[in-house]
Structure formats: C-alpha cells, structure tokens
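Peer 1: Okay, so here is model_4.pdb, and as you'll see once you scroll down, it has PDB, C-alpha atoms.
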```pdb
ATOM      1  CA  MET A   1      -0.834 -26.105  -0.284  1.00  0.00           C
ATOM      2  CA  SER A   2      -1.249 -22.958  -2.365  1.00  0.00           C
ATOM      3  CA  ARG A   3       1.294 -21.443  -4.726  1.00  0.00           C
ATOM      4  CA  ILE A   4       2.235 -17.802  -5.065  1.00  0.00           C
ATOM      5  CA  VAL A   5       2.227 -16.771  -8.714  1.00  0.00           C
ATOM      6  CA  VAL A   6       3.693 -13.392  -9.639  1.00  0.00           C
ATOM      7  CA  SER A   7       2.179 -12.208 -12.908  1.00  0.00           C
ATOM      8  CA  GLU A   8       3.602  -9.014 -14.363  1.00  0.00           C
ATOM      9  CA  PHE A   9       3.703  -6.837 -17.424  1.00  0.00           C
ATOM     10  CA  VAL A  10       7.405  -6.039 -17.920  1.00  0.00           C
ATOM     11  CA  THR A  11       9.600  -4.257 -20.439  1.00  0.00           C
ATOM     12  CA  LEU A  12      12.676  -5.829 -22.005  1.00  0.00           C
ATOM     13  CA  ASP A  13      14.795  -4.135 -19.353  1.00  0.00           C
ATOM     14  CA  GLY A  14      12.644  -5.526 -16.536  1.00  0.00           C
ATOM     15  CA  VAL A  15      10.654  -2.390 -15.691  1.00  0.00           C
ATOM     16  CA  MET A  16       7.215  -3.143 -14.276  1.00  0.00           C
ATOM     17  CA  GLU A  17       6.248   0.370 -13.207  1.00  0.00           C
ATOM     18  CA  ASP A  18       2.988   1.885 -14.457  1.00  0.00           C
ATOM     19  CA  PRO A  19       2.230  -0.226 -17.533  1.00  0.00           C
ATOM     20  CA  GLY A  20      -1.209   1.375 -17.837  1.00  0.00           C
ATOM     21  CA  GLY A  21      -0.178   4.982 -17.376  1.00  0.00           C
ATOM     22  CA  ALA A  22      -2.381   5.799 -14.377  1.00  0.00           C
ATOM     23  CA  GLU A  23       0.348   6.215 -11.760  1.00  0.00           C
ATOM     24  CA  GLY A  24       1.988   9.419 -12.963  1.00  0.00           C
ATOM     25  CA  PHE A  25       5.295   7.766 -13.929  1.00  0.00           C
ATOM     26  CA  ALA A  26       6.828   9.890 -16.719  1.00  0.00           C
ATOM     27  CA  ARG A  27       7.293   6.783 -18.891  1.00  0.00           C
ATOM     28  CA  GLY A  28       4.001   5.141 -17.887  1.00  0.00           C
ATOM     29  CA  GLY A  29       1.473   3.657 -20.302  1.00  0.00           C
ATOM     30  CA  TRP A  30       4.056   1.645 -22.198  1.00  0.00           C
ATOM     31  CA  ALA A  31       1.938  -1.537 -22.334  1.00  0.00           C
ATOM     32  CA  PHE A  32      -0.740   0.188 -24.403  1.00  0.00           C
ATOM     33  CA  GLN A  33       1.702   0.852 -27.228  1.00  0.00           C
ATOM     34  CA  PHE A  34       1.453  -2.821 -28.198  1.00  0.00           C
ATOM     35  CA  GLU A  35      -1.372  -5.217 -29.065  1.00  0.00           C
ATOM     36  CA  ARG A  36      -1.299  -8.297 -26.839  1.00  0.00           C
ATOM     37  CA  GLY A  37      -4.033  -9.895 -28.941  1.00  0.00           C
ATOM     38  CA  ALA A  38      -6.837 -12.298 -28.154  1.00  0.00           C
ATOM     39  CA  GLU A  39      -4.253 -14.842 -26.972  1.00  0.00           C
ATOM     40  CA  GLY A  40      -2.984 -12.385 -24.359  1.00  0.00           C
ATOM     41  CA  ASP A  41      -6.502 -11.606 -23.166  1.00  0.00           C
ATOM     42  CA  LYS A  42      -7.274 -15.333 -22.915  1.00  0.00           C
ATOM     43  CA  PHE A  43      -4.044 -15.935 -20.995  1.00  0.00           C
ATOM     44  CA  LYS A  44      -4.976 -13.265 -18.415  1.00  0.00           C
ATOM     45  CA  LEU A  45      -8.560 -14.581 -18.116  1.00  0.00           C
ATOM     46  CA  ASP A  46      -7.450 -18.210 -17.717  1.00  0.00           C
ATOM     47  CA  GLU A  47      -4.833 -17.187 -15.160  1.00  0.00           C
ATOM     48  CA  LEU A  48      -7.362 -15.299 -13.067  1.00  0.00           C
ATOM     49  CA  MET A  49      -9.988 -18.043 -13.258  1.00  0.00           C
ATOM     50  CA  ALA A  50      -7.429 -20.622 -12.060  1.00  0.00           C
ATOM     51  CA  SER A  51      -6.532 -18.491  -9.026  1.00  0.00           C
ATOM     52  CA  ASP A  52      -8.228 -18.626  -5.650  1.00  0.00           C
ATOM     53  CA  SER A  53      -7.127 -15.241  -4.316  1.00  0.00           C
ATOM     54  CA  LEU A  54      -5.226 -12.028  -4.995  1.00  0.00           C
ATOM     55  CA  LEU A  55      -2.256 -10.795  -2.977  1.00  0.00           C
ATOM     56  CA  LEU A  56      -1.534  -7.108  -3.590  1.00  0.00           C
ATOM     57  CA  GLY A  57       0.494  -4.218  -2.307  1.00  0.00           C
ATOM     58  CA  ARG A  58      -1.364  -1.095  -1.186  1.00  0.00           C
ATOM     59  CA  ARG A  59      -0.890   1.003  -4.336  1.00  0.00           C
ATOM     60  CA  THR A  60      -1.972  -1.775  -6.681  1.00  0.00           C
ATOM     61  CA  TYR A  61      -4.869  -2.643  -4.388  1.00  0.00           C
ATOM     62  CA  GLU A  62      -6.084   0.952  -4.315  1.00  0.00           C
ATOM     63  CA  GLY A  63      -5.892   1.201  -8.113  1.00  0.00           C
ATOM     64  CA  PHE A  64      -7.775  -2.057  -8.594  1.00  0.00           C
ATOM     65  CA  ALA A  65     -10.337  -1.189  -5.892  1.00  0.00           C
ATOM     66  CA  ALA A  66     -11.060   2.111  -7.621  1.00  0.00           C
ATOM     67  CA  ALA A  67     -11.556   0.475 -11.029  1.00  0.00           C
ATOM     68  CA  TRP A  68     -12.972  -3.044 -10.756  1.00  0.00           C
ATOM     69  CA  PRO A  69     -16.137  -2.751  -8.625  1.00  0.00           C
ATOM     70  CA  SER A  70     -17.877  -0.754 -11.348  1.00  0.00           C
ATOM     71  CA  ARG A  71     -16.830  -3.010 -14.250  1.00  0.00           C
ATOM     72  CA  THR A  72     -18.637  -5.851 -15.959  1.00  0.00           C
ATOM     73  CA  ASP A  73     -17.754  -8.086 -18.893  1.00  0.00           C
ATOM     74  CA  GLU A  74     -19.142 -11.124 -20.661  1.00  0.00           C
ATOM     75  CA  GLY A  75     -16.125 -13.323 -19.904  1.00  0.00           C
ATOM     76  CA  GLY A  76     -16.506 -13.114 -16.127  1.00  0.00           C
ATOM     77  CA  PHE A  77     -13.168 -11.397 -15.445  1.00  0.00           C
ATOM     78  CA  ALA A  78     -14.748  -8.520 -13.486  1.00  0.00           C
ATOM     79  CA  ASP A  79     -16.996 -10.850 -11.472  1.00  0.00           C
ATOM     80  CA  LYS A  80     -14.015 -12.980 -10.474  1.00  0.00           C
ATOM     81  CA  MET A  81     -11.926  -9.918  -9.537  1.00  0.00           C
ATOM     82  CA  ASN A  82     -14.743  -8.537  -7.410  1.00  0.00           C
ATOM     83  CA  THR A  83     -15.742 -11.739  -5.609  1.00  0.00           C
ATOM     84  CA  MET A  84     -12.465 -13.565  -4.958  1.00  0.00           C
ATOM     85  CA  PRO A  85     -10.621 -13.132  -1.640  1.00  0.00           C
ATOM     86  CA  LYS A  86      -8.084 -10.322  -1.700  1.00  0.00           C
ATOM     87  CA  PHE A  87      -5.181  -9.807   0.686  1.00  0.00           C
ATOM     88  CA  VAL A  88      -3.542  -6.374   0.740  1.00  0.00           C
ATOM     89  CA  VAL A  89      -0.149  -5.886   2.360  1.00  0.00           C
ATOM     90  CA  SER A  90       0.072  -2.448   3.916  1.00  0.00           C
ATOM     91  CA  THR A  91       1.197  -0.735   7.087  1.00  0.00           C
ATOM     92  CA  THR A  92      -0.732   2.440   6.225  1.00  0.00           C
ATOM     93  CA  LEU A  93      -4.103   1.286   4.842  1.00  0.00           C
ATOM     94  CA  GLU A  94      -6.704   1.551   7.587  1.00  0.00           C
ATOM     95  CA  GLU A  95      -9.699   0.057   5.806  1.00  0.00           C
ATOM     96  CA  ALA A  96     -10.069  -2.276   2.823  1.00  0.00           C
ATOM     97  CA  THR A  97     -13.480  -1.578   1.323  1.00  0.00           C
ATOM     98  CA  TRP A  98     -13.338  -3.737  -1.825  1.00  0.00           C
ATOM     99  CA  ASP A  99     -15.417  -6.889  -1.294  1.00  0.00           C
ATOM    100  CA  ASN A 100     -13.651  -9.837   0.372  1.00  0.00           C
ATOM    101  CA  SER A 101     -10.508  -7.858   1.245  1.00  0.00           C
ATOM    102  CA  THR A 102      -8.243  -8.447   4.230  1.00  0.00           C
ATOM    103  CA  ILE A 103      -5.340  -6.238   5.292  1.00  0.00           C
ATOM    104  CA  ILE A 104      -2.031  -7.839   6.272  1.00  0.00           C
ATOM    105  CA  SER A 105      -0.085  -5.229   8.231  1.00  0.00           C
ATOM    106  CA  ASP A 106       2.055  -7.156  10.717  1.00  0.00           C
ATOM    107  CA  ASN A 107       4.369 -10.148  10.408  1.00  0.00           C
ATOM    108  CA  VAL A 108       3.949  -9.981   6.629  1.00  0.00           C
ATOM    109  CA  VAL A 109       6.299 -12.838   5.726  1.00  0.00           C
ATOM    110  CA  ASP A 110       4.793 -15.132   8.370  1.00  0.00           C
ATOM    111  CA  GLU A 111       1.224 -14.279   7.355  1.00  0.00           C
ATOM    112  CA  ILE A 112       1.932 -14.885   3.667  1.00  0.00           C
ATOM    113  CA  SER A 113       3.663 -18.150   4.532  1.00  0.00           C
ATOM    114  CA  LYS A 114       0.493 -19.178   6.390  1.00  0.00           C
ATOM    115  CA  LEU A 115      -1.594 -18.315   3.309  1.00  0.00           C
ATOM    116  CA  LYS A 116       0.619 -20.604   1.236  1.00  0.00           C
ATOM    117  CA  GLU A 117       0.099 -23.446   3.716  1.00  0.00           C
ATOM    118  CA  GLN A 118      -3.669 -23.360   3.205  1.00  0.00           C
ATOM    119  CA  PRO A 119      -5.172 -25.808   0.715  1.00  0.00           C
ATOM    120  CA  GLY A 120      -6.306 -24.238  -2.520  1.00  0.00           C
ATOM    121  CA  GLY A 121      -5.302 -22.849  -5.850  1.00  0.00           C
ATOM    122  CA  ASP A 122      -2.943 -20.116  -6.850  1.00  0.00           C
ATOM    123  CA  ILE A 123      -2.481 -16.876  -4.949  1.00  0.00           C
ATOM    124  CA  LEU A 124      -2.043 -14.357  -7.752  1.00  0.00           C
ATOM    125  CA  VAL A 125       0.155 -11.270  -7.366  1.00  0.00           C
ATOM    126  CA  ALA A 126      -0.013  -8.436  -9.906  1.00  0.00           C
ATOM    127  CA  GLY A 127       1.879  -5.152  -9.870  1.00  0.00           C
ATOM    128  CA  SER A 128       2.911  -4.537  -6.264  1.00  0.00           C
ATOM    129  CA  ALA A 129       6.650  -3.950  -6.815  1.00  0.00           C
ATOM    130  CA  THR A 130       7.612  -3.605  -3.150  1.00  0.00           C
ATOM    131  CA  LEU A 131       5.585  -6.644  -2.143  1.00  0.00           C
ATOM    132  CA  VAL A 132       7.048  -8.730  -4.988  1.00  0.00           C
ATOM    133  CA  GLN A 133      10.575  -7.833  -3.930  1.00  0.00           C
ATOM    134  CA  THR A 134       9.751  -8.919  -0.356  1.00  0.00           C
ATOM    135  CA  LEU A 135       8.345 -12.203  -1.669  1.00  0.00           C
ATOM    136  CA  VAL A 136      11.467 -12.761  -3.791  1.00  0.00           C
ATOM    137  CA  GLU A 137      13.770 -11.948  -0.875  1.00  0.00           C
ATOM    138  CA  HIS A 138      12.051 -14.592   1.281  1.00  0.00           C
ATOM    139  CA  ASP A 139      11.772 -17.283  -1.436  1.00  0.00           C
ATOM    140  CA  LEU A 140       7.973 -17.212  -1.362  1.00  0.00           C
ATOM    141  CA  VAL A 141       7.375 -17.051  -5.139  1.00  0.00           C
ATOM    142  CA  ASP A 142       6.582 -20.366  -6.790  1.00  0.00           C
ATOM    143  CA  GLU A 143       6.043 -19.145 -10.354  1.00  0.00           C
ATOM    144  CA  TYR A 144       6.644 -16.041 -12.454  1.00  0.00           C
ATOM    145  CA  ARG A 145       4.380 -15.287 -15.418  1.00  0.00           C
ATOM    146  CA  LEU A 146       5.830 -12.445 -17.403  1.00  0.00           C
ATOM    147  CA  MET A 147       4.101 -10.682 -20.284  1.00  0.00           C
ATOM    148  CA  ILE A 148       7.107  -9.040 -21.929  1.00  0.00           C
ATOM    149  CA  PHE A 149       6.588  -5.937 -24.052  1.00  0.00           C
ATOM    150  CA  PRO A 150       9.266  -4.996 -26.615  1.00  0.00           C
ATOM    151  CA  VAL A 151      10.288  -1.645 -25.198  1.00  0.00           C
ATOM    152  CA  VAL A 152      13.277  -0.448 -23.165  1.00  0.00           C
ATOM    153  CA  LEU A 153      12.504   2.360 -20.712  1.00  0.00           C
ATOM    154  CA  GLY A 154      15.914   2.802 -19.105  1.00  0.00           C
ATOM    155  CA  SER A 155      14.466   3.645 -15.694  1.00  0.00           C
ATOM    156  CA  GLY A 156      11.622   2.726 -13.401  1.00  0.00           C
ATOM    157  CA  LYS A 157      10.804   0.118 -10.777  1.00  0.00           C
ATOM    158  CA  ARG A 158      12.158  -3.220 -11.872  1.00  0.00           C
ATOM    159  CA  LEU A 159      10.764  -6.654 -11.151  1.00  0.00           C
ATOM    160  CA  PHE A 160      14.060  -7.736  -9.570  1.00  0.00           C
ATOM    161  CA  ALA A 161      15.757  -5.018  -7.546  1.00  0.00           C
ATOM    162  CA  ASP A 162      19.461  -4.290  -7.826  1.00  0.00           C
ATOM    163  CA  GLY A 163      21.268  -6.387  -5.262  1.00  0.00           C
ATOM    164  CA  SER A 164      18.756  -9.268  -5.342  1.00  0.00           C
ATOM    165  CA  ASP A 165      20.184 -12.700  -4.624  1.00  0.00           C
ATOM    166  CA  THR A 166      21.018 -14.947  -7.551  1.00  0.00           C
ATOM    167  CA  THR A 167      17.989 -17.134  -8.193  1.00  0.00           C
ATOM    168  CA  ALA A 168      17.811 -20.024 -10.654  1.00  0.00           C
ATOM    169  CA  LEU A 169      14.471 -20.524 -12.383  1.00  0.00           C
ATOM    170  CA  SER A 170      13.159 -23.226 -14.692  1.00  0.00           C
ATOM    171  CA  LEU A 171      11.637 -22.093 -17.969  1.00  0.00           C
ATOM    172  CA  VAL A 172       8.249 -23.819 -18.289  1.00  0.00           C
ATOM    173  CA  GLU A 173       6.705 -22.152 -21.315  1.00  0.00           C
ATOM    174  CA  VAL A 174       7.208 -19.414 -23.885  1.00  0.00           C
ATOM    175  CA  LYS A 175       4.500 -18.159 -26.213  1.00  0.00           C
ATOM    176  CA  ARG A 176       3.770 -15.174 -28.354  1.00  0.00           C
ATOM    177  CA  THR A 177       0.580 -13.173 -27.984  1.00  0.00           C
ATOM    178  CA  GLY A 178      -0.491 -10.537 -30.442  1.00  0.00           C
ATOM    179  CA  ASP A 179       2.162  -9.417 -32.889  1.00  0.00           C
ATOM    180  CA  VAL A 180       5.056  -8.643 -30.566  1.00  0.00           C
ATOM    181  CA  VAL A 181       4.300  -9.553 -26.946  1.00  0.00           C
ATOM    182  CA  THR A 182       5.886 -12.641 -25.380  1.00  0.00           C
ATOM    183  CA  VAL A 183       4.643 -14.567 -22.349  1.00  0.00           C
ATOM    184  CA  THR A 184       7.129 -16.606 -20.342  1.00  0.00           C
ATOM    185  CA  LEU A 185       6.438 -18.896 -17.389  1.00  0.00           C
ATOM    186  CA  HIS A 186       9.258 -19.627 -14.955  1.00  0.00           C
ATOM    187  CA  ARG A 187       9.164 -21.762 -11.822  1.00  0.00           C
ATOM    188  CA  ALA A 188      11.319 -21.426  -8.773  1.00  0.00           C
ATOM    189  CA  ASP A 189      13.264 -24.652  -8.687  1.00  0.00           C
ATOM    190  CA  ALA A 190      16.158 -25.446  -6.398  1.00  0.00           C
ATOM    191  CA  ASP A 191      17.514 -27.838  -9.029  1.00  0.00           C
ATOM    192  CA  ALA A 192      17.393 -25.318 -11.908  1.00  0.00           C
TER     193      ALA A 192
END
```
Show this structure as structure tokens.
Peer 2:
Amino acid sequence: MSRIVVSEFVTLDGVMEDPGGAEGFARGGWAFQFERGAEGDKFKLDELMASDSLLLGRRTYEGFAAAWPSRTDEGGFADKMNTMPKFVVSTTLEEATWDNSTIISDNVVDEISKLKEQPGGDILVAGSATLVQTLVEHDLVDEYRLMIFPVVLGSGKRLFADGSDTTALSLVEVKRTGDVVTVTLHRADADA
C-alpha cells in the first residue's frame, strides 16, 4: 500500500501560496528570502528519490510541466521529476503532455484511494492547495512534511482551510535547515 505525503513550503501563519513568486500573488516569492541550505536541498532530493509518483493539482502541474522538462542537474532531481509517474487532478485540463502524466478528472477521491491501495512507495504532493484540502477533508494524507519559513504574510492560501475538521497529528521529526528554515514531519495518527 502506498502513502500520500504532502510536502509544502509554508510560512509561520500557514500560507503556502506562491513560495517561488511565479503565480502573480502580491506576496509571492517569500521562500527565496531565506537560505534553506544544503540540508534543505538534500531533504528535498531524498524525499523525491524515495517517492514513486507525484500527485498534483492542475496549476502546480502546469507550472512544473513548463519548467522541469528542460532542466538537468548532477544530483538526478530533474531526471526523477521528468520520468516518474505523475497524476494531475483537474476537471479542466484536456491533455497532460509532460512525460508519464495521467489526468484524474472524475471520482477524484475514489481514484486517489485506488492509487493508495497499489503497492509501492510514497505518492508525493507538492503545492496544489485545492487538492491538498480535498485530501485532508477525506483523510487521505498519511504524512505532512513542512518546510517552514520564518515569515508571516497575513493573507494567502493556507495549508489548512478555515473550517477544516480538527485533526490530531503525531510529530515525527523536527530539524533545522540553513540558518532559519525548519522542517517538520507529522503523521496522521488516530491515536495522536
């Protein structure tokens, strides 16, 4: 059985919107104000290499599909991104042209549940605010990996939407990367 792992860049106030600044959000680009260091880069590489597939919302998919096919690197990050299976949740995307991409447009919760039932490694989710909130609402997230940047934006799409159900999580790990960025790992645990 596979696990769904939500991995996000977030601010101290839980905003996940436009960390890189490419989406046109007035407060976007906040992640680049801070050095995540070699430890942060290694964390992201190790996380990707341990994953079997990506699960993305349409906007995140389109951003990744525009950027990654033309990239290369010595560590293998780009090769893994470009060759691994990708599932994009969208009711409007008509064609997924990035290698190994499949569109999920109907019965989203059922289809993602079926993905989880397959043998294999982690199904990694990045960005994809609307998709993440659907996954949270249906208790489909097994682990949260949060790279927390020390900034408060005061507005923007948050990882957990207002009105979300109370959810207990187990803290698995906390580590610092770079000078000021913190990585936390939390697991969904009914006994937490």
Peer 1: Specify as a list in words each residue included when the PyMOL selection byres ((chain A and resi 158) around 6) is applied to this file.
Peer 2: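 So the PyMOL selection byres ((chain A and resi 158) around 6) ends up selecting Gly14, Val15, Met16, Lys157, Leu159, Phe160 and Ala161 of chain A.
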Peer 1: Emit the selected residues as a compact mmCIF listing (two decimals), keeping the file's coordinate frame, including C-alpha atoms.
Peer 2:
```txt
# COMPACT_ATOMS: atom_id res chain seq x y z
CA GLY A 14 12.64 -5.53 -16.54
CA VAL A 15 10.65 -2.39 -15.69
CA MET A 16 7.22 -3.14 -14.28
CA LYS A 157 10.80 0.12 -10.78
CA LEU A 159 10.76 -6.65 -11.15
CA PHE A 160 14.06 -7.74 -9.57
CA ALA A 161 15.76 -5.02 -7.55
```
Peer 1: In terms of the shortest atom-to-atom distance over only C-alpha atoms, which of A:Val108, A:Lys42, A:Pro19, A:Ser170 is closest to Asp189 of chain A?
Peer 2: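 Looking at the shortest contact to Asp189 of chain A, the residue is A:Ser170.
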Peer 1: I'd like to know which of A:Thr83, A:Thr184, A:Thr130, A:Asn100 is closest to Tyr144 of chain A, using all atoms listed in the file.
Peer 2: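 Using all atoms listed in the file, Tyr144 of chain A sits closest to A:Thr184.
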Peer 1: Dump as a VMD selection string all residues having an atom at most 10 Å from (12.5, -2.9, -22.6), computed in the file's coordinates with all atoms listed in the file.
Peer 2: chain A and resid 10 to 16 30 148 to 155
Peer 1: Which residue is closest to Ala65 of chain A? Choose from A:Met1, A:Asp18, A:Asn82, A:Ala126 and count all atoms listed in the file.
Peer 2: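 Of A:Met1, A:Asp18, A:Asn82, A:Ala126, the one nearest Ala65 of chain A is A:Asn82, counting all atoms listed in the file.
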Peer 1: Around the point (-7.8, -3.0, -4.7) (coordinates from the file), which residues reach within 12 Å if we count all atoms listed in the file? Answer as a PDB file with C-alpha atoms, in the frame of the given file.
Peer 2:
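Written output follows (point-v1.pdb):
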```pdb
ATOM      1  CA  LEU A  54      -5.226 -12.028  -4.995  1.00  0.00           C
ATOM      2  CA  LEU A  55      -2.256 -10.795  -2.977  1.00  0.00           C
ATOM      3  CA  LEU A  56      -1.534  -7.108  -3.590  1.00  0.00           C
ATOM      4  CA  GLY A  57       0.494  -4.218  -2.307  1.00  0.00           C
ATOM      5  CA  ARG A  58      -1.364  -1.095  -1.186  1.00  0.00           C
ATOM      6  CA  ARG A  59      -0.890   1.003  -4.336  1.00  0.00           C
ATOM      7  CA  THR A  60      -1.972  -1.775  -6.681  1.00  0.00           C
ATOM      8  CA  TYR A  61      -4.869  -2.643  -4.388  1.00  0.00           C
ATOM      9  CA  GLU A  62      -6.084   0.952  -4.315  1.00  0.00           C
ATOM     10  CA  GLY A  63      -5.892   1.201  -8.113  1.00  0.00           C
ATOM     11  CA  PHE A  64      -7.775  -2.057  -8.594  1.00  0.00           C
ATOM     12  CA  ALA A  65     -10.337  -1.189  -5.892  1.00  0.00           C
ATOM     13  CA  ALA A  66     -11.060   2.111  -7.621  1.00  0.00           C
ATOM     14  CA  ALA A  67     -11.556   0.475 -11.029  1.00  0.00           C
ATOM     15  CA  TRP A  68     -12.972  -3.044 -10.756  1.00  0.00           C
ATOM     16  CA  PRO A  69     -16.137  -2.751  -8.625  1.00  0.00           C
ATOM     17  CA  MET A  81     -11.926  -9.918  -9.537  1.00  0.00           C
ATOM     18  CA  ASN A  82     -14.743  -8.537  -7.410  1.00  0.00           C
ATOM     19  CA  THR A  83     -15.742 -11.739  -5.609  1.00  0.00           C
ATOM     20  CA  MET A  84     -12.465 -13.565  -4.958  1.00  0.00           C
ATOM     21  CA  PRO A  85     -10.621 -13.132  -1.640  1.00  0.00           C
ATOM     22  CA  LYS A  86      -8.084 -10.322  -1.700  1.00  0.00           C
ATOM     23  CA  PHE A  87      -5.181  -9.807   0.686  1.00  0.00           C
ATOM     24  CA  VAL A  88      -3.542  -6.374   0.740  1.00  0.00           C
ATOM     25  CA  VAL A  89      -0.149  -5.886   2.360  1.00  0.00           C
ATOM     26  CA  SER A  90       0.072  -2.448   3.916  1.00  0.00           C
ATOM     27  CA  LEU A  93      -4.103   1.286   4.842  1.00  0.00           C
ATOM     28  CA  GLU A  95      -9.699   0.057   5.806  1.00  0.00           C
ATOM     29  CA  ALA A  96     -10.069  -2.276   2.823  1.00  0.00           C
ATOM     30  CA  THR A  97     -13.480  -1.578   1.323  1.00  0.00           C
ATOM     31  CA  TRP A  98     -13.338  -3.737  -1.825  1.00  0.00           C
ATOM     32  CA  ASP A  99     -15.417  -6.889  -1.294  1.00  0.00           C
ATOM     33  CA  ASN A 100     -13.651  -9.837   0.372  1.00  0.00           C
ATOM     34  CA  SER A 101     -10.508  -7.858   1.245  1.00  0.00           C
ATOM     35  CA  THR A 102      -8.243  -8.447   4.230  1.00  0.00           C
ATOM     36  CA  ILE A 103      -5.340  -6.238   5.292  1.00  0.00           C
ATOM     37  CA  VAL A 125       0.155 -11.270  -7.366  1.00  0.00           C
ATOM     38  CA  ALA A 126      -0.013  -8.436  -9.906  1.00  0.00           C
ATOM     39  CA  GLY A 127       1.879  -5.152  -9.870  1.00  0.00           C
ATOM     40  CA  SER A 128       2.911  -4.537  -6.264  1.00  0.00           C
TER      41      SER A 128
END
```
Peer 1: To box segment 150-166 of chain A, take all atoms listed in the file, fit an axis-aligned box, add 5 Å on each side, and give centre and edge lengths in Å to one decimal, as JSON.
Peer 2:
```
{"center_x": 15.3, "center_y": -5.7, "center_z": -15.6, "size_x": 22.0, "size_y": 28.6, "size_z": 32.0}
```
Peer 1: What does the distance between atom CA of Leu185 of chain A and atom CA of Leu171 of chain A come to in Å, to one decimal place?
Peer 2: 6.1 Å
Peer 1: Which residues are close to Gly40 of chain A, i.e. within 7 Å by all atoms listed in the file, leaving aside same-chain residues fewer than 3 positions away? Reply as a VMD selection string.
Peer 2: chain A and resid 36 to 37 43 to 44 177 to 178
Peer 1: Got a sec: who's within 12 Å of Glu137 of chain A, counting only C-alpha atoms, leaving out chain neighbours fewer than 2 positions off, as an MDAnalysis selection string?
Peer 2: chainID A and resid 109 130:135 139:141 159:167
Peer 1: Take the residues just selected and output them with C-alpha atoms as a PDB file, keeping the file's coordinate frame.
Peer 2:
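File out_38.pdb, as written:
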```
ATOM      1  CA  VAL A 109       6.299 -12.838   5.726  1.00  0.00           C
ATOM      2  CA  THR A 130       7.612  -3.605  -3.150  1.00  0.00           C
ATOM      3  CA  LEU A 131       5.585  -6.644  -2.143  1.00  0.00           C
ATOM      4  CA  VAL A 132       7.048  -8.730  -4.988  1.00  0.00           C
ATOM      5  CA  GLN A 133      10.575  -7.833  -3.930  1.00  0.00           C
ATOM      6  CA  THR A 134       9.751  -8.919  -0.356  1.00  0.00           C
ATOM      7  CA  LEU A 135       8.345 -12.203  -1.669  1.00  0.00           C
ATOM      8  CA  ASP A 139      11.772 -17.283  -1.436  1.00  0.00           C
ATOM      9  CA  LEU A 140       7.973 -17.212  -1.362  1.00  0.00           C
ATOM     10  CA  VAL A 141       7.375 -17.051  -5.139  1.00  0.00           C
ATOM     11  CA  LEU A 159      10.764  -6.654 -11.151  1.00  0.00           C
ATOM     12  CA  PHE A 160      14.060  -7.736  -9.570  1.00  0.00           C
ATOM     13  CA  ALA A 161      15.757  -5.018  -7.546  1.00  0.00           C
ATOM     14  CA  ASP A 162      19.461  -4.290  -7.826  1.00  0.00           C
ATOM     15  CA  GLY A 163      21.268  -6.387  -5.262  1.00  0.00           C
ATOM     16  CA  SER A 164      18.756  -9.268  -5.342  1.00  0.00           C
ATOM     17  CA  ASP A 165      20.184 -12.700  -4.624  1.00  0.00           C
ATOM     18  CA  THR A 166      21.018 -14.947  -7.551  1.00  0.00           C
ATOM     19  CA  THR A 167      17.989 -17.134  -8.193  1.00  0.00           C
TER      20      THR A 167
END
```
Peer 1: Distance atom CA of Val183 of chain A-atom CA of Leu115 of chain A, one decimal place?
Peer 2: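 A separation of 26.7 Å between them.
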Peer 1: Given the PyMOL selection byres ((chain A and resi 72-77) around 8) and the file above, list the residues it selects as a PDB file with C-alpha atoms, in the frame of the given file.
Peer 2:
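File written: result_4.pdb
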```pdb
ATOM      1  CA  LEU A  45      -8.560 -14.581 -18.116  1.00  0.00           C
ATOM      2  CA  LEU A  48      -7.362 -15.299 -13.067  1.00  0.00           C
ATOM      3  CA  MET A  49      -9.988 -18.043 -13.258  1.00  0.00           C
ATOM      4  CA  SER A  70     -17.877  -0.754 -11.348  1.00  0.00           C
ATOM      5  CA  ARG A  71     -16.830  -3.010 -14.250  1.00  0.00           C
ATOM      6  CA  ALA A  78     -14.748  -8.520 -13.486  1.00  0.00           C
ATOM      7  CA  ASP A  79     -16.996 -10.850 -11.472  1.00  0.00           C
ATOM      8  CA  LYS A  80     -14.015 -12.980 -10.474  1.00  0.00           C
ATOM      9  CA  MET A  81     -11.926  -9.918  -9.537  1.00  0.00           C
TER      10      MET A  81
END
```
Peer 1: In Å to one decimal, how far is atom CA of Gln118 of chain A from atom CA of Ile104 of chain A?
Peer 2: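 A separation of 15.9 Å between them.
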Peer 1: So, with only C-alpha atoms as the atoms that count, which of A:Glu39, A:Glu8, A:Thr92, A:Asp179 lies closest to Ser105 of chain A?
Peer 2: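 Going through A:Glu39, A:Glu8, A:Thr92, A:Asp179 one by one, the smallest distance to Ser105 of chain A is for A:Thr92.
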Peer 1: Give the answer as one residue: which of A:Gly156, A:Gly121, A:Gly21, A:Gly29 has the shortest atom-to-atom distance to Glu47 of chain A, using only C-alpha atoms?
Peer 2: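 Of A:Gly156, A:Gly121, A:Gly21, A:Gly29, the one nearest Glu47 of chain A is A:Gly121, counting only C-alpha atoms.
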Peer 1: Determine the residue membership of the PyMOL selection byres ((chain A and resi 169) around 6) for the file above and supply it as a count of residues only.
Peer 2: 7
